[in-house]
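Below you'll find the structure, written out as structure tokens, and then a few comments.
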Amino acid sequence: MFGYWTGFDRDIFDQFERLRRELDGTFGERGGPLGIRSVAAGTYPAINVGASSRQVDVYVFAAGVAPGSLDISMQQNLLTVSGERSTAIPEGAQAYRRERFEGSFKRVVTLPDDVDPDKVDAAYRDGVLHVTVQRKEELQPRRIEVK
Amino acid sequence: MTDKKSVKSTESSQVQRETEQRRALRPPVDIYEEAEAITIRADLPGVSRDRLEVHVDGDNLTIEGEAAIDMPEEMEALYADVNVTRYRRSFTLSKELEAEKISAEMKNGELTLRLPKRAEVQPRKIAISAG
């Protein structure tokens, strides 16, 4: 199981890494145009989006959020995730570091045009919100038989 | 021949390990101190209890975790804020903390480490007798 994961995620995460480098190199550092809904590095929560032929997967890295406080909505191909989290420390405690995000957050992600806003599933596990949006059937690649 | 081969594989795995170490994320933490203990809270989204490692080596405390994320096999990345699945961060402990009594709790990708202080160093209120 461990081997499976290592091999698997190196593959996909290398792709992510390559994408990030490309985005940084092409748009970020040279002062070119940025994605209109892109956010500064380190913004809470971090988001990954991956696409396959049948669905689009969105991973929201939102640790320490009560699942009930998460709000997910879809408008056409715009996915909005909002929520709130508290990182309160006991009264009278001496704080040395407060690096973690506190308060309410909202992120909007543009998904591919062919997603079906009625077929959305979401699960929250170990601090990661996984939203799966199905793509519309008629746009999926179909094999055409040659007679 | 066999020896040479094994040396080579050790080298490459060492290189691999170093590369992986470089590519670990540094999780954000909150640290606070109370009378009896110091508490560390870290964000480790995607890390389940069995993929978390907290080890103490001398006065060095290291938190390590591997995020496990379900992904369809033919997935292509469209956008990514996170591109590494490993987290690592280390802290230096001070002597008044009892390393053997550190307790860890994992909930919703949030780690809480409690580092209790030795009983003899916990602050005591000193009564002032009226003179």
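Letters A, B, ... go to the chains of the structure tokens in the order shown; residues in each chain start at 1; ligands are counted from 1 in the same order.
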*Residue list for chain B near chain A as a PyMOL selection string, 8 Å, only C-alpha atoms*: chain B and resi 28-34+42-48+68+71-72+74-85+107-110
_Neighbouring residues of region 92-104 of chain B were defined as those with any atom within 8 Å, considering only C-alpha atoms; residues of the same chain fewer than 6 positions away were excluded. Please report them as an MDAnalysis selection string._
chainID B and resid 37 56 59:61 111:118 121
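Relative to CA of Ile63 (chain B), CA of Arg86 (chain B) is found at 10.6 Å.
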_Please return, as a ChimeraX atom specification, all residues of region 66-130 of chain B that DSSP assigns to strand (DSSP E or B) on the basis of the backbone._
/B:66,76-80,86-92,97,103-107,110-117
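Residues in contact with Met74 (chain A) at up to 6 Å, not including ones fewer than 2 positions away on its chain and judged by only C-alpha atoms, are Leu78, Leu79 and Pro117 of chain A.
For the residues A:Ala123, A:Ile36, A:Leu70, A:Ile144, ranking by smallest atom-to-atom distance to Ser104 (chain A) using only C-alpha atoms places A:Leu70 first.
Closest approach to Asp70 (chain B) among A:Val115, A:Ser82, A:Glu145, A:Thr132 is made by A:Thr132 (distances from only C-alpha atoms).
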_Spatial neighbours of Phe105 (chain A), max dist 9 Å, only C-alpha atoms, sep filter under 5 positions, as a list in words_ = Tyr44, Pro45, Val81, Ser82, Gly83, Glu84 and Arg85 of chain A
Serialized selection, C-alpha atoms, as a short mmCIF file (atom, residue, chain, number, x, y, z; two decimals), in the first residue's frame:
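again.cif written:
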```cif
data_model
loop_
_atom_site.label_atom_id
_atom_site.label_comp_id
_atom_site.auth_asym_id
_atom_site.auth_seq_id
_atom_site.Cartn_x
_atom_site.Cartn_y
_atom_site.Cartn_z
CA TYR A 44 -5.40 29.16 3.60
CA PRO A 45 -6.77 26.76 2.50
CA VAL A 81 -15.75 26.81 -0.71
CA SER A 82 -16.12 28.78 2.47
CA GLY A 83 -15.82 28.05 6.15
CA GLU A 84 -14.46 29.20 9.39
CA ARG A 85 -11.88 27.96 11.77
#
```
